[in-house]
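Working notes, beginning with the structure itself.
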Amino acid sequence: MSLSNKLFISPSVVIESMRDNGYKNTAYAVAELIDNSIQANATEVYFVVYEKQVQNIDGSTGGKQIDKIAIIDNGDGMPPEILHAALEFGASENRKDFKGMGKFGMGLPNSSISQCRRTDVYSWQQGEQPYTTYLDIKKIQEDKQEHILYPHQTEIPDYLSLSFEGDIPNSGTAVVWSDLDKLHWKTSAALLRNTQDIIGRMYRRMINNGDVKVIFQTYYMTDDALFGPEYILDNSTSFVANDPLQLMANTTLKDIRDYPEELKTKPAFKTAFFDSFEIFLNNGKRGMVTINSSIISDELVQRLRENSNAYIGNTDVGKKLKNNIGLSIMRAGRELDLIENFKIFDDKRKDRWMGVEIEFDPVLDDFFGVTNNKQSANKIRPIDMQDIMIQQGCTEPTEALDLLERQNPEDAQLVKCLNKIISAFEMSYRKVDAINLAGLKHQSVEHHRMKTDSVNLKATYVNEKSSQKRGGIDKSPTKESLEKSFKDLTDKGLLSKEKVPQMIEEILENNLRVKFEEINLPFDQFFDVTVSDGFILIEINPEHTFYKNFIQNATEENKDLLKLSLAAWGHMESEAVSSDRRRQYEVVRQNWGQFLSEYMAMDEQ
C-alpha cells in the first residue's frame, strides 16, 4: 500500500470541468480582464480581435472568423513574480484589496479558460523588456504542463503593438486568447454587436468620467504577404457609456436616430428616488449602500410625443430603452448584473421609462452574495414580506422584522434593503404611469393602448430572449414591412384588406414580434407562417378537423401552450438560411396538416 502524498485535485482531470464556469457570454469573460486593467490604473484598454479567412471542410474559401483576441492596456504592468501568480487560481494580490474590483483572484485564469485553450500573458514595466508566461489546456490535459512556467523575457509580438501605432506604452499588460473553442460569437461584427451595450453598461461610470477608454478594434490577418502575416485595421470603435438610469449626458441612447437633437447635451431621465445608508456587519465592519431610481424627463416625453404617430414606445428611443429594463447592481463603480425581471409592472411597456440601481462597497460582498466571477449578487432578489411573516409566525411586517433583527441583524438589514429597492420601483412606476405617452402627430390616436391577446405578448417575449441568446440582430417590424407581407395574404384572398390596418396598429402598438391569427387556409393546412422583417404571423385554420376536435374544446391554458409550440416552429422558419430551406419547411407543414386531417377524420369514424 502506497503512503505517498496525493494531490487534492489532478489538473489534467478537472481542467475541462473548470472551463464550464458559468460566464454568461464572452462579454462577461472579457470584463474580468478589463477589471484587471482598470485595477492596474490603465487609462486605455484595447479589446482587439484578429480575424482571418477560413477554409470550409470541402476546401472552398469561407468567410472571416475570429482567430485571436487580445486585451491590451497601458496600466502599471507586473513584475515577473506577480505575473507568475496571475495565472494561478486564487493567487491574485487583488484579494487583499477590499475596495477595488478584483479581490477574488480568479478573473484572469477563470475567464480565459472559459473561452479558449491557450492564454499568453505579456507584461512590462518602466520601458523594460516584457516578461511572458502562458496557460495551455491541451498541455495540462496531456500532463505536459503541471506548473505555471516562470515568466521569461521576450520581445512583444508586432501585432500587439498595432493598437498603439507601434509606440508601446512605458508599462502595460497584454492577454492573448487563442484556440478559441468556446467563443460565443465567431465574427468580429457579431462580437461587437453583442458586447458594446454590455461593456458600455458595466463600465459606464469610468467611461463617462473619462477615467478609462475602452476601444474595440478589428484587424484582418492575411497570409499572403511577402514577409509573413499582415494585419490590416478593419474597425476601431470606442465604447460609449450605456446608463440604465439615463442620468448621464453622453450615452448610447443619444446615438439613436430619432433622439431629439436639441436634448443630446442633457440627461434623458431625471431622479425619482434616492436613499443612502450603512450596513453594519456582524464582524464589526460596515459598508455604504445607495439606491437610486430615475424616470424619463418631461422634455424628452414632449419631444417624442410631438414626433410620434402612436405611443412613444414604438420610437427607436423606446425600443432602445427596452434593452435596459430592470435592477442594475453596481459594485465598486462597476456593474455586476442587470436583473431584468426584478420587478415588472406592465409587460415592459412602461417599465422602460424608468431605471433603478443599487450600489454597494465590496466589503459587503458576502452580505449580498457576490459570486466569484462578479456576474451577480445572489441575495439581491425579489422578496415577499408575507413569506417572512409566516416564517416568523407574525401577522405584521414590523413585528416580523423586529423579531428577525433580534435573531440575525444582518438578515433583517438585508430584508429592509430589498424592501427599499421595491419601494424605489413602485414609486418610480407610479410617476411613469401618470405620464401621457401617446403621440401627438395625428389627432386620431386614442389615449389608450390597443388590446392584444396575452399569448401574443408571451410569444413575443420568448422570441426576443431566444434571438438574444443566439446573438441575432435585434429587428422590429415596420409599417412598410408589415404592409408588404400582408399584401400577399390579401392577394390570395386569405385576409380582408379592411382588417390589415387594424392588425398593423395592434402589432406596432404592442411591439409584437409574434401574432396569432385565425385564417381559413386551403389544402387541409392546419397552420401557416408569414415571416416579415422582425415579425412572425402564425395563421391557424379554424376549419381544420384538429381545431374543431381538440382546440375548440381545450382550456385557455392548453390553447396557449399549443400556440407557443407553433411559435417555436415559426421562429425556426424565420431563421432559415436560404429560400430552399424555407420552402422545405413549408412543404413539411402542408403535408403534416393533411396527414393530421386524415387521422382526425379516422378518429371521428
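Ordering of the C-alpha cells sets the chain letters (A, B, ...), residue numbers begin anew at 1 in every chain, and ligands are numbered from 1 in the order given.
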Exercise. Determine which residues of segment 369-528 of chain A receive a DSSP assignment of strand (DSSP E or B), computed from the backbone, and state them as number ranges by chain.
Key: A: 370, 377, 438, 514-518, 527-528
For the residues selected in the previous step, produce a file with C-alpha atoms as an mmCIF file, in the first residue's frame.
data_model
loop_
_atom_site.group_PDB
_atom_site.id
_atom_site.type_symbol
_atom_site.label_atom_id
_atom_site.label_comp_id
_atom_site.auth_asym_id
_atom_site.auth_seq_id
_atom_site.Cartn_x
_atom_site.Cartn_y
_atom_site.Cartn_z
ATOM 1 C CA VAL A 370 -21.489 38.342 -4.816
ATOM 2 C CA ALA A 377 -25.262 39.127 -6.232
ATOM 3 C CA ALA A 438 -49.463 58.862 -26.654
ATOM 4 C CA VAL A 514 -45.259 37.240 -32.934
ATOM 5 C CA LYS A 515 -49.022 37.303 -33.537
ATOM 6 C CA PHE A 516 -51.583 34.525 -33.904
ATOM 7 C CA GLU A 517 -54.488 34.952 -36.290
ATOM 8 C CA GLU A 518 -57.334 32.595 -37.234
ATOM 9 C CA PHE A 527 -51.281 26.412 -39.799
ATOM 10 C CA ASP A 528 -49.170 28.682 -41.965
#
Exercise. With a distance cut-off of 6 Å and only C-alpha atoms, select the neighbouring residues of Gln115 of chain A, excluding the residue or stretch itself and same-chain residues fewer than 5 positions from it, and output the selection as a ChimeraX atom specification.
Key: /A:180,182-183
Residues of the last selection are to be written out with C-alpha atoms, as a PDB file, in the first residue's frame.
ATOM      1  CA  LEU A 180     -10.953  29.883 -29.223  1.00  0.00           C
ATOM      2  CA  LYS A 182     -15.750  28.195 -26.607  1.00  0.00           C
ATOM      3  CA  LEU A 183     -16.242  31.670 -28.052  1.00  0.00           C
TER       4      LEU A 183
END
Can you list, as a PDB file with all heavy atoms, in the first residue's frame, every residue of segment 218-389 of chain A that DSSP puts in alpha helix (DSSP H)?
ATOM      1  N   ASP A 298     -39.447  65.282 -18.546  1.00  0.00           N
ATOM      2  CA  ASP A 298     -40.625  65.887 -19.172  1.00  0.00           C
ATOM      3  C   ASP A 298     -40.308  66.373 -20.587  1.00  0.00           C
ATOM      4  O   ASP A 298     -41.139  66.241 -21.501  1.00  0.00           O
ATOM      5  CB  ASP A 298     -41.120  67.061 -18.324  1.00  0.00           C
ATOM      6  CG  ASP A 298     -41.540  66.637 -16.929  1.00  0.00           C
ATOM      7  OD1 ASP A 298     -41.893  65.458 -16.762  1.00  0.00           O
ATOM      8  OD2 ASP A 298     -41.500  67.468 -16.006  1.00  0.00           O
ATOM      9  N   GLU A 299     -39.105  66.923 -20.762  1.00  0.00           N
ATOM     10  CA  GLU A 299     -38.720  67.442 -22.082  1.00  0.00           C
ATOM     11  C   GLU A 299     -38.672  66.344 -23.127  1.00  0.00           C
ATOM     12  O   GLU A 299     -39.159  66.508 -24.257  1.00  0.00           O
ATOM     13  CB  GLU A 299     -37.356  68.134 -21.997  1.00  0.00           C
ATOM     14  CG  GLU A 299     -37.361  69.464 -21.274  1.00  0.00           C
ATOM     15  CD  GLU A 299     -35.963  70.059 -21.226  1.00  0.00           C
ATOM     16  OE1 GLU A 299     -35.074  69.399 -20.650  1.00  0.00           O
ATOM     17  OE2 GLU A 299     -35.758  71.149 -21.767  1.00  0.00           O
ATOM     18  N   LEU A 300     -38.078  65.213 -22.760  1.00  0.00           N
ATOM     19  CA  LEU A 300     -37.951  64.120 -23.727  1.00  0.00           C
ATOM     20  C   LEU A 300     -39.324  63.538 -24.066  1.00  0.00           C
ATOM     21  O   LEU A 300     -39.599  63.222 -25.236  1.00  0.00           O
ATOM     22  CB  LEU A 300     -37.029  63.023 -23.189  1.00  0.00           C
ATOM     23  CG  LEU A 300     -36.763  61.848 -24.134  1.00  0.00           C
ATOM     24  CD1 LEU A 300     -36.229  62.324 -25.483  1.00  0.00           C
ATOM     25  CD2 LEU A 300     -35.782  60.853 -23.496  1.00  0.00           C
ATOM     26  N   VAL A 301     -40.193  63.402 -23.070  1.00  0.00           N
ATOM     27  CA  VAL A 301     -41.555  62.920 -23.332  1.00  0.00           C
ATOM     28  C   VAL A 301     -42.234  63.819 -24.358  1.00  0.00           C
ATOM     29  O   VAL A 301     -42.830  63.346 -25.343  1.00  0.00           O
ATOM     30  CB  VAL A 301     -42.395  62.872 -22.039  1.00  0.00           C
ATOM     31  CG1 VAL A 301     -43.856  62.604 -22.370  1.00  0.00           C
ATOM     32  CG2 VAL A 301     -41.883  61.779 -21.104  1.00  0.00           C
ATOM     33  N   GLN A 302     -42.148  65.114 -24.139  1.00  0.00           N
ATOM     34  CA  GLN A 302     -42.830  66.060 -25.020  1.00  0.00           C
ATOM     35  C   GLN A 302     -42.291  65.986 -26.448  1.00  0.00           C
ATOM     36  O   GLN A 302     -43.072  65.949 -27.411  1.00  0.00           O
ATOM     37  CB  GLN A 302     -42.664  67.486 -24.475  1.00  0.00           C
ATOM     38  CG  GLN A 302     -43.428  68.552 -25.242  1.00  0.00           C
ATOM     39  CD  GLN A 302     -44.936  68.345 -25.224  1.00  0.00           C
ATOM     40  OE1 GLN A 302     -45.462  67.694 -24.311  1.00  0.00           O
ATOM     41  NE2 GLN A 302     -45.633  68.879 -26.217  1.00  0.00           N
ATOM     42  N   ARG A 303     -40.958  65.906 -26.602  1.00  0.00           N
ATOM     43  CA  ARG A 303     -40.367  65.850 -27.948  1.00  0.00           C
ATOM     44  C   ARG A 303     -40.744  64.547 -28.661  1.00  0.00           C
ATOM     45  O   ARG A 303     -41.065  64.557 -29.849  1.00  0.00           O
ATOM     46  CB  ARG A 303     -38.850  65.968 -27.865  1.00  0.00           C
ATOM     47  CG  ARG A 303     -38.338  67.301 -27.382  1.00  0.00           C
ATOM     48  CD  ARG A 303     -38.678  68.444 -28.336  1.00  0.00           C
ATOM     49  NE  ARG A 303     -38.118  69.696 -27.870  1.00  0.00           N
ATOM     50  CZ  ARG A 303     -38.686  70.485 -26.982  1.00  0.00           C
ATOM     51  NH1 ARG A 303     -39.871  70.146 -26.468  1.00  0.00           N
ATOM     52  NH2 ARG A 303     -38.118  71.601 -26.597  1.00  0.00           N
ATOM     53  N   LEU A 304     -40.732  63.446 -27.946  1.00  0.00           N
ATOM     54  CA  LEU A 304     -41.080  62.166 -28.567  1.00  0.00           C
ATOM     55  C   LEU A 304     -42.558  62.137 -28.946  1.00  0.00           C
ATOM     56  O   LEU A 304     -42.929  61.611 -30.003  1.00  0.00           O
ATOM     57  CB  LEU A 304     -40.753  61.004 -27.625  1.00  0.00           C
ATOM     58  CG  LEU A 304     -39.258  60.749 -27.357  1.00  0.00           C
ATOM     59  CD1 LEU A 304     -39.084  59.633 -26.326  1.00  0.00           C
ATOM     60  CD2 LEU A 304     -38.515  60.393 -28.637  1.00  0.00           C
ATOM     61  N   ARG A 305     -43.403  62.705 -28.110  1.00  0.00           N
ATOM     62  CA  ARG A 305     -44.838  62.742 -28.432  1.00  0.00           C
ATOM     63  C   ARG A 305     -45.096  63.595 -29.679  1.00  0.00           C
ATOM     64  O   ARG A 305     -45.920  63.245 -30.523  1.00  0.00           O
ATOM     65  CB  ARG A 305     -45.632  63.306 -27.252  1.00  0.00           C
ATOM     66  CG  ARG A 305     -45.686  62.385 -26.029  1.00  0.00           C
ATOM     67  CD  ARG A 305     -46.616  62.953 -24.974  1.00  0.00           C
ATOM     68  NE  ARG A 305     -48.005  62.912 -25.433  1.00  0.00           N
ATOM     69  CZ  ARG A 305     -48.965  63.691 -24.952  1.00  0.00           C
ATOM     70  NH1 ARG A 305     -48.697  64.597 -24.021  1.00  0.00           N
ATOM     71  NH2 ARG A 305     -50.195  63.584 -25.411  1.00  0.00           N
ATOM     72  N   GLU A 306     -44.394  64.707 -29.780  1.00  0.00           N
ATOM     73  CA  GLU A 306     -44.592  65.602 -30.914  1.00  0.00           C
ATOM     74  C   GLU A 306     -44.226  64.947 -32.241  1.00  0.00           C
ATOM     75  O   GLU A 306     -44.760  65.303 -33.285  1.00  0.00           O
ATOM     76  CB  GLU A 306     -43.757  66.879 -30.721  1.00  0.00           C
ATOM     77  CG  GLU A 306     -44.284  67.791 -29.628  1.00  0.00           C
ATOM     78  CD  GLU A 306     -43.317  68.926 -29.315  1.00  0.00           C
ATOM     79  OE1 GLU A 306     -42.210  68.942 -29.908  1.00  0.00           O
ATOM     80  OE2 GLU A 306     -43.656  69.783 -28.481  1.00  0.00           O
ATOM     81  N   ASP A 316     -37.630  54.551 -31.977  1.00  0.00           N
ATOM     82  CA  ASP A 316     -36.345  53.877 -31.811  1.00  0.00           C
ATOM     83  C   ASP A 316     -35.793  54.094 -30.408  1.00  0.00           C
ATOM     84  O   ASP A 316     -35.124  53.218 -29.849  1.00  0.00           O
ATOM     85  CB  ASP A 316     -35.342  54.383 -32.855  1.00  0.00           C
ATOM     86  CG  ASP A 316     -35.694  53.927 -34.262  1.00  0.00           C
ATOM     87  OD1 ASP A 316     -36.451  52.947 -34.377  1.00  0.00           O
ATOM     88  OD2 ASP A 316     -35.231  54.550 -35.236  1.00  0.00           O
ATOM     89  N   VAL A 317     -36.062  55.262 -29.848  1.00  0.00           N
ATOM     90  CA  VAL A 317     -35.645  55.544 -28.474  1.00  0.00           C
ATOM     91  C   VAL A 317     -36.327  54.572 -27.513  1.00  0.00           C
ATOM     92  O   VAL A 317     -35.686  53.976 -26.640  1.00  0.00           O
ATOM     93  CB  VAL A 317     -35.963  57.004 -28.084  1.00  0.00           C
ATOM     94  CG1 VAL A 317     -35.758  57.221 -26.577  1.00  0.00           C
ATOM     95  CG2 VAL A 317     -35.093  57.962 -28.879  1.00  0.00           C
ATOM     96  N   GLY A 318     -37.623  54.383 -27.681  1.00  0.00           N
ATOM     97  CA  GLY A 318     -38.366  53.461 -26.825  1.00  0.00           C
ATOM     98  C   GLY A 318     -37.863  52.036 -26.939  1.00  0.00           C
ATOM     99  O   GLY A 318     -37.753  51.316 -25.945  1.00  0.00           O
ATOM    100  N   LYS A 319     -37.556  51.617 -28.157  1.00  0.00           N
ATOM    101  CA  LYS A 319     -37.065  50.249 -28.377  1.00  0.00           C
ATOM    102  C   LYS A 319     -35.676  50.060 -27.769  1.00  0.00           C
ATOM    103  O   LYS A 319     -35.365  48.994 -27.236  1.00  0.00           O
ATOM    104  CB  LYS A 319     -37.042  49.945 -29.866  1.00  0.00           C
ATOM    105  CG  LYS A 319     -38.442  49.866 -30.480  1.00  0.00           C
ATOM    106  CD  LYS A 319     -38.394  49.798 -31.993  1.00  0.00           C
ATOM    107  CE  LYS A 319     -39.818  49.832 -32.575  1.00  0.00           C
ATOM    108  NZ  LYS A 319     -39.808  49.890 -34.051  1.00  0.00           N
ATOM    109  N   LYS A 320     -34.847  51.091 -27.849  1.00  0.00           N
ATOM    110  CA  LYS A 320     -33.518  51.017 -27.253  1.00  0.00           C
ATOM    111  C   LYS A 320     -33.608  50.909 -25.732  1.00  0.00           C
ATOM    112  O   LYS A 320     -32.902  50.106 -25.103  1.00  0.00           O
ATOM    113  CB  LYS A 320     -32.714  52.259 -27.644  1.00  0.00           C
ATOM    114  CG  LYS A 320     -31.344  52.380 -26.990  1.00  0.00           C
ATOM    115  CD  LYS A 320     -30.364  51.363 -27.536  1.00  0.00           C
ATOM    116  CE  LYS A 320     -28.975  51.601 -26.976  1.00  0.00           C
ATOM    117  NZ  LYS A 320     -28.000  50.598 -27.473  1.00  0.00           N
ATOM    118  N   LEU A 321     -34.469  51.697 -25.132  1.00  0.00           N
ATOM    119  CA  LEU A 321     -34.603  51.691 -23.673  1.00  0.00           C
ATOM    120  C   LEU A 321     -35.117  50.355 -23.152  1.00  0.00           C
ATOM    121  O   LEU A 321     -34.859  49.991 -22.008  1.00  0.00           O
ATOM    122  CB  LEU A 321     -35.540  52.814 -23.229  1.00  0.00           C
ATOM    123  CG  LEU A 321     -34.976  54.235 -23.330  1.00  0.00           C
ATOM    124  CD1 LEU A 321     -36.063  55.263 -23.077  1.00  0.00           C
ATOM    125  CD2 LEU A 321     -33.826  54.428 -22.341  1.00  0.00           C
ATOM    126  N   ASP A 365     -19.649  42.219  -0.017  1.00  0.00           N
ATOM    127  CA  ASP A 365     -19.792  41.128  -0.994  1.00  0.00           C
ATOM    128  C   ASP A 365     -20.499  39.911  -0.407  1.00  0.00           C
ATOM    129  O   ASP A 365     -21.416  39.359  -1.018  1.00  0.00           O
ATOM    130  CB  ASP A 365     -18.414  40.711  -1.533  1.00  0.00           C
ATOM    131  CG  ASP A 365     -17.873  41.710  -2.543  1.00  0.00           C
ATOM    132  OD1 ASP A 365     -18.651  42.545  -3.034  1.00  0.00           O
ATOM    133  OD2 ASP A 365     -16.667  41.651  -2.844  1.00  0.00           O
ATOM    134  N   ASP A 366     -20.066  39.463   0.758  1.00  0.00           N
ATOM    135  CA  ASP A 366     -20.694  38.284   1.367  1.00  0.00           C
ATOM    136  C   ASP A 366     -22.130  38.595   1.797  1.00  0.00           C
ATOM    137  O   ASP A 366     -23.020  37.741   1.697  1.00  0.00           O
ATOM    138  CB  ASP A 366     -19.884  37.807   2.576  1.00  0.00           C
ATOM    139  CG  ASP A 366     -18.561  37.187   2.172  1.00  0.00           C
ATOM    140  OD1 ASP A 366     -18.433  36.767   0.997  1.00  0.00           O
ATOM    141  OD2 ASP A 366     -17.637  37.141   3.008  1.00  0.00           O
ATOM    142  N   PHE A 367     -22.358  39.804   2.260  1.00  0.00           N
ATOM    143  CA  PHE A 367     -23.693  40.215   2.696  1.00  0.00           C
ATOM    144  C   PHE A 367     -24.692  40.107   1.546  1.00  0.00           C
ATOM    145  O   PHE A 367     -25.820  39.642   1.728  1.00  0.00           O
ATOM    146  CB  PHE A 367     -23.632  41.653   3.222  1.00  0.00           C
ATOM    147  CG  PHE A 367     -24.953  42.216   3.653  1.00  0.00           C
ATOM    148  CD1 PHE A 367     -25.468  41.932   4.910  1.00  0.00           C
ATOM    149  CD2 PHE A 367     -25.690  43.032   2.808  1.00  0.00           C
ATOM    150  CE1 PHE A 367     -26.696  42.456   5.319  1.00  0.00           C
ATOM    151  CE2 PHE A 367     -26.913  43.558   3.198  1.00  0.00           C
ATOM    152  CZ  PHE A 367     -27.418  43.263   4.459  1.00  0.00           C
ATOM    153  N   PHE A 368     -24.260  40.507   0.329  1.00  0.00           N
ATOM    154  CA  PHE A 368     -25.153  40.471  -0.830  1.00  0.00           C
ATOM    155  C   PHE A 368     -24.961  39.216  -1.694  1.00  0.00           C
ATOM    156  O   PHE A 368     -25.673  39.040  -2.679  1.00  0.00           O
ATOM    157  CB  PHE A 368     -24.951  41.717  -1.690  1.00  0.00           C
ATOM    158  CG  PHE A 368     -25.560  42.964  -1.118  1.00  0.00           C
ATOM    159  CD1 PHE A 368     -24.776  44.041  -0.753  1.00  0.00           C
ATOM    160  CD2 PHE A 368     -26.930  43.057  -0.921  1.00  0.00           C
ATOM    161  CE1 PHE A 368     -25.334  45.194  -0.222  1.00  0.00           C
ATOM    162  CE2 PHE A 368     -27.505  44.207  -0.387  1.00  0.00           C
ATOM    163  CZ  PHE A 368     -26.706  45.275  -0.033  1.00  0.00           C
ATOM    164  N   MET A 385     -42.768  39.841   1.801  1.00  0.00           N
ATOM    165  CA  MET A 385     -42.893  40.017   3.248  1.00  0.00           C
ATOM    166  C   MET A 385     -43.882  39.028   3.852  1.00  0.00           C
ATOM    167  O   MET A 385     -43.778  38.662   5.030  1.00  0.00           O
ATOM    168  CB  MET A 385     -43.317  41.444   3.576  1.00  0.00           C
ATOM    169  CG  MET A 385     -42.203  42.462   3.513  1.00  0.00           C
ATOM    170  SD  MET A 385     -40.791  42.060   4.587  1.00  0.00           S
ATOM    171  CE  MET A 385     -41.552  42.053   6.204  1.00  0.00           C
ATOM    172  N   GLN A 386     -44.839  38.566   3.055  1.00  0.00           N
ATOM    173  CA  GLN A 386     -45.808  37.594   3.547  1.00  0.00           C
ATOM    174  C   GLN A 386     -45.100  36.309   3.973  1.00  0.00           C
ATOM    175  O   GLN A 386     -45.422  35.729   5.021  1.00  0.00           O
ATOM    176  CB  GLN A 386     -46.842  37.296   2.457  1.00  0.00           C
ATOM    177  CG  GLN A 386     -48.134  36.672   2.962  1.00  0.00           C
ATOM    178  CD  GLN A 386     -48.981  37.629   3.778  1.00  0.00           C
ATOM    179  OE1 GLN A 386     -48.981  38.828   3.527  1.00  0.00           O
ATOM    180  NE2 GLN A 386     -49.691  37.108   4.771  1.00  0.00           N
ATOM    181  N   ASP A 387     -44.123  35.882   3.160  1.00  0.00           N
ATOM    182  CA  ASP A 387     -43.350  34.677   3.496  1.00  0.00           C
ATOM    183  C   ASP A 387     -42.572  34.867   4.791  1.00  0.00           C
ATOM    184  O   ASP A 387     -42.484  33.957   5.629  1.00  0.00           O
ATOM    185  CB  ASP A 387     -42.387  34.328   2.359  1.00  0.00           C
ATOM    186  CG  ASP A 387     -43.109  33.796   1.129  1.00  0.00           C
ATOM    187  OD1 ASP A 387     -44.273  33.380   1.266  1.00  0.00           O
ATOM    188  OD2 ASP A 387     -42.511  33.798   0.038  1.00  0.00           O
ATOM    189  N   ILE A 388     -41.977  36.054   4.949  1.00  0.00           N
ATOM    190  CA  ILE A 388     -41.186  36.319   6.157  1.00  0.00           C
ATOM    191  C   ILE A 388     -42.089  36.344   7.390  1.00  0.00           C
ATOM    192  O   ILE A 388     -41.731  35.820   8.450  1.00  0.00           O
ATOM    193  CB  ILE A 388     -40.420  37.647   6.004  1.00  0.00           C
ATOM    194  CG1 ILE A 388     -39.372  37.491   4.892  1.00  0.00           C
ATOM    195  CG2 ILE A 388     -39.753  38.064   7.309  1.00  0.00           C
ATOM    196  CD1 ILE A 388     -38.642  38.741   4.553  1.00  0.00           C
ATOM    197  N   MET A 389     -43.274  36.906   7.250  1.00  0.00           N
ATOM    198  CA  MET A 389     -44.215  36.914   8.390  1.00  0.00           C
ATOM    199  C   MET A 389     -44.624  35.491   8.774  1.00  0.00           C
ATOM    200  O   MET A 389     -44.732  35.162   9.958  1.00  0.00           O
ATOM    201  CB  MET A 389     -45.445  37.759   8.047  1.00  0.00           C
ATOM    202  CG  MET A 389     -45.170  39.256   8.019  1.00  0.00           C
ATOM    203  SD  MET A 389     -46.686  40.257   7.844  1.00  0.00           S
ATOM    204  CE  MET A 389     -47.131  39.911   6.158  1.00  0.00           C
TER     205      MET A 389
END
Practice problem: Between atom CA of Ile295 of chain A and atom CA of Asn323 of chain A, measure the distance and give it in Å to one decimal. | Solution: 15.4 Å
Quiz item: Neighbours of Met78 of chain A within 12 Å (only C-alpha atoms; same-chain residues fewer than 4 positions away dropped), as a VMD selection string?
Solution: chain A and resid 36 to 37 39 to 41 73 to 74 82 to 86 92 to 93 121 to 126 128 to 133 151 171 to 174
Take the selection from the previous step and output its residues with N, CA and C atoms, as a tab-separated table (two decimals), in the first residue's frame.
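Generated output (selection-v7.tsv):
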chain	number	residue	atom	x	y	z
A	36	ASN	N	-9.05	43.85	-14.43
A	36	ASN	CA	-7.64	43.80	-14.05
A	36	ASN	C	-6.89	45.02	-14.58
A	37	SER	N	-7.22	45.43	-15.81
A	37	SER	CA	-6.55	46.59	-16.40
A	37	SER	C	-6.87	47.85	-15.61
A	39	GLN	N	-7.87	48.02	-12.51
A	39	GLN	CA	-7.25	47.87	-11.19
A	39	GLN	C	-5.77	48.24	-11.25
A	40	ALA	N	-5.16	48.05	-12.42
A	40	ALA	CA	-3.74	48.38	-12.61
A	40	ALA	C	-3.56	49.82	-13.11
A	41	ASN	N	-4.60	50.66	-12.94
A	41	ASN	CA	-4.53	52.08	-13.26
A	41	ASN	C	-4.41	52.37	-14.75
A	73	ASP	N	-3.44	46.86	-22.37
A	73	ASP	CA	-3.65	48.10	-21.62
A	73	ASP	C	-2.34	48.85	-21.41
A	74	ASN	N	-2.49	50.08	-20.90
A	74	ASN	CA	-1.32	50.91	-20.56
A	74	ASN	C	-1.23	51.08	-19.05
A	82	ILE	N	4.81	38.58	-9.78
A	82	ILE	CA	3.36	38.78	-9.77
A	82	ILE	C	2.73	38.15	-11.02
A	83	LEU	N	3.40	38.30	-12.17
A	83	LEU	CA	2.91	37.69	-13.40
A	83	LEU	C	2.85	36.16	-13.25
A	84	HIS	N	3.83	35.61	-12.56
A	84	HIS	CA	3.86	34.15	-12.35
A	84	HIS	C	2.61	33.69	-11.58
A	85	ALA	N	2.16	34.53	-10.63
A	85	ALA	CA	0.99	34.16	-9.82
A	85	ALA	C	-0.34	34.49	-10.51
A	86	ALA	N	-0.26	35.34	-11.55
A	86	ALA	CA	-1.50	35.84	-12.15
A	86	ALA	C	-2.34	34.75	-12.78
A	92	SER	N	-4.24	35.94	-6.79
A	92	SER	CA	-4.06	37.35	-7.14
A	92	SER	C	-3.85	38.21	-5.91
A	93	GLU	N	-2.97	39.22	-6.06
A	93	GLU	CA	-2.76	40.20	-4.99
A	93	GLU	C	-4.02	41.01	-4.72
A	121	VAL	N	0.26	35.65	-21.65
A	121	VAL	CA	0.25	36.94	-20.96
A	121	VAL	C	1.64	37.59	-21.10
A	122	TYR	N	1.63	38.85	-21.52
A	122	TYR	CA	2.85	39.65	-21.61
A	122	TYR	C	2.68	40.85	-20.69
A	123	SER	N	3.72	41.18	-19.92
A	123	SER	CA	3.64	42.34	-19.05
A	123	SER	C	5.01	43.00	-18.93
A	124	TRP	N	5.00	44.33	-18.87
A	124	TRP	CA	6.26	45.07	-18.85
A	124	TRP	C	6.10	46.31	-17.98
A	125	GLN	N	7.24	46.79	-17.44
A	125	GLN	CA	7.22	47.95	-16.56
A	125	GLN	C	8.40	48.87	-16.88
A	126	GLN	N	8.13	50.17	-16.83
A	126	GLN	CA	9.16	51.20	-16.97
A	126	GLN	C	10.06	51.01	-18.18
A	128	GLU	N	11.06	48.42	-19.67
A	128	GLU	CA	11.89	47.21	-19.73
A	128	GLU	C	11.29	46.19	-20.69
A	129	GLN	N	12.11	45.22	-21.08
A	129	GLN	CA	11.64	44.16	-21.99
A	129	GLN	C	10.53	43.35	-21.31
A	130	PRO	N	9.46	43.02	-22.03
A	130	PRO	CA	8.33	42.30	-21.42
A	130	PRO	C	8.71	40.91	-20.91
A	131	TYR	N	8.00	40.48	-19.88
A	131	TYR	CA	8.04	39.10	-19.42
A	131	TYR	C	6.78	38.40	-19.93
A	132	THR	N	6.87	37.09	-20.11
A	132	THR	CA	5.70	36.35	-20.60
A	132	THR	C	5.61	34.99	-19.95
A	133	THR	N	4.38	34.50	-19.83
A	133	THR	CA	4.11	33.12	-19.45
A	133	THR	C	2.78	32.73	-20.08
A	151	PRO	N	7.88	33.31	-15.66
A	151	PRO	CA	8.00	34.22	-16.80
A	151	PRO	C	9.45	34.43	-17.24
A	171	SER	N	4.57	51.12	-19.63
A	171	SER	CA	4.19	49.95	-18.83
A	171	SER	C	2.84	49.45	-19.35
A	172	GLY	N	2.58	48.17	-19.13
A	172	GLY	CA	1.29	47.63	-19.56
A	172	GLY	C	1.25	46.13	-19.53
A	173	THR	N	0.10	45.59	-19.93
A	173	THR	CA	-0.12	44.14	-19.96
A	173	THR	C	-0.95	43.79	-21.18
A	174	ALA	N	-0.65	42.64	-21.77
A	174	ALA	CA	-1.45	42.12	-22.88
A	174	ALA	C	-1.79	40.67	-22.59
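One finds atom CA of Asp76 of chain A at 26.9 Å from atom CA of Asn235 of chain A.
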How close does each residue of segment 195-235 of chain A get to segment 338-354 of chain A, giving the shortest atom pair and distance in Å to one decimal for every residue with an atom at most 12 Å away, counting only C-alpha atoms, sorted by chain and residue number, as a tab-separated table?
residue	atom	partner	partner_atom	distance
A:Asp197	CA	A:Leu338	CA	11.9
A:Ile198	CA	A:Leu338	CA	9.6
A:Arg201	CA	A:Leu338	CA	9.2
A:Met202	CA	A:Leu338	CA	9.4
Write the selection just made, keeping N, CA, C and O atoms, as a short mmCIF file (atom, residue, chain, number, x, y, z; two decimals), in the first residue's frame?
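Final file, selection.cif:
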data_model
loop_
_atom_site.label_atom_id
_atom_site.label_comp_id
_atom_site.auth_asym_id
_atom_site.auth_seq_id
_atom_site.Cartn_x
_atom_site.Cartn_y
_atom_site.Cartn_z
N ASP A 197 -23.04 47.12 -25.81
CA ASP A 197 -24.00 47.61 -24.82
C ASP A 197 -23.69 47.07 -23.43
O ASP A 197 -23.84 47.78 -22.43
N ILE A 198 -23.26 45.80 -23.36
CA ILE A 198 -22.96 45.19 -22.05
C ILE A 198 -21.74 45.83 -21.42
O ILE A 198 -21.77 46.25 -20.25
N ARG A 201 -22.30 49.35 -20.45
CA ARG A 201 -23.12 49.43 -19.24
C ARG A 201 -22.29 49.10 -17.99
O ARG A 201 -22.40 49.76 -16.97
N MET A 202 -21.44 48.07 -18.08
CA MET A 202 -20.63 47.66 -16.94
C MET A 202 -19.72 48.79 -16.45
O MET A 202 -19.59 49.03 -15.25
#
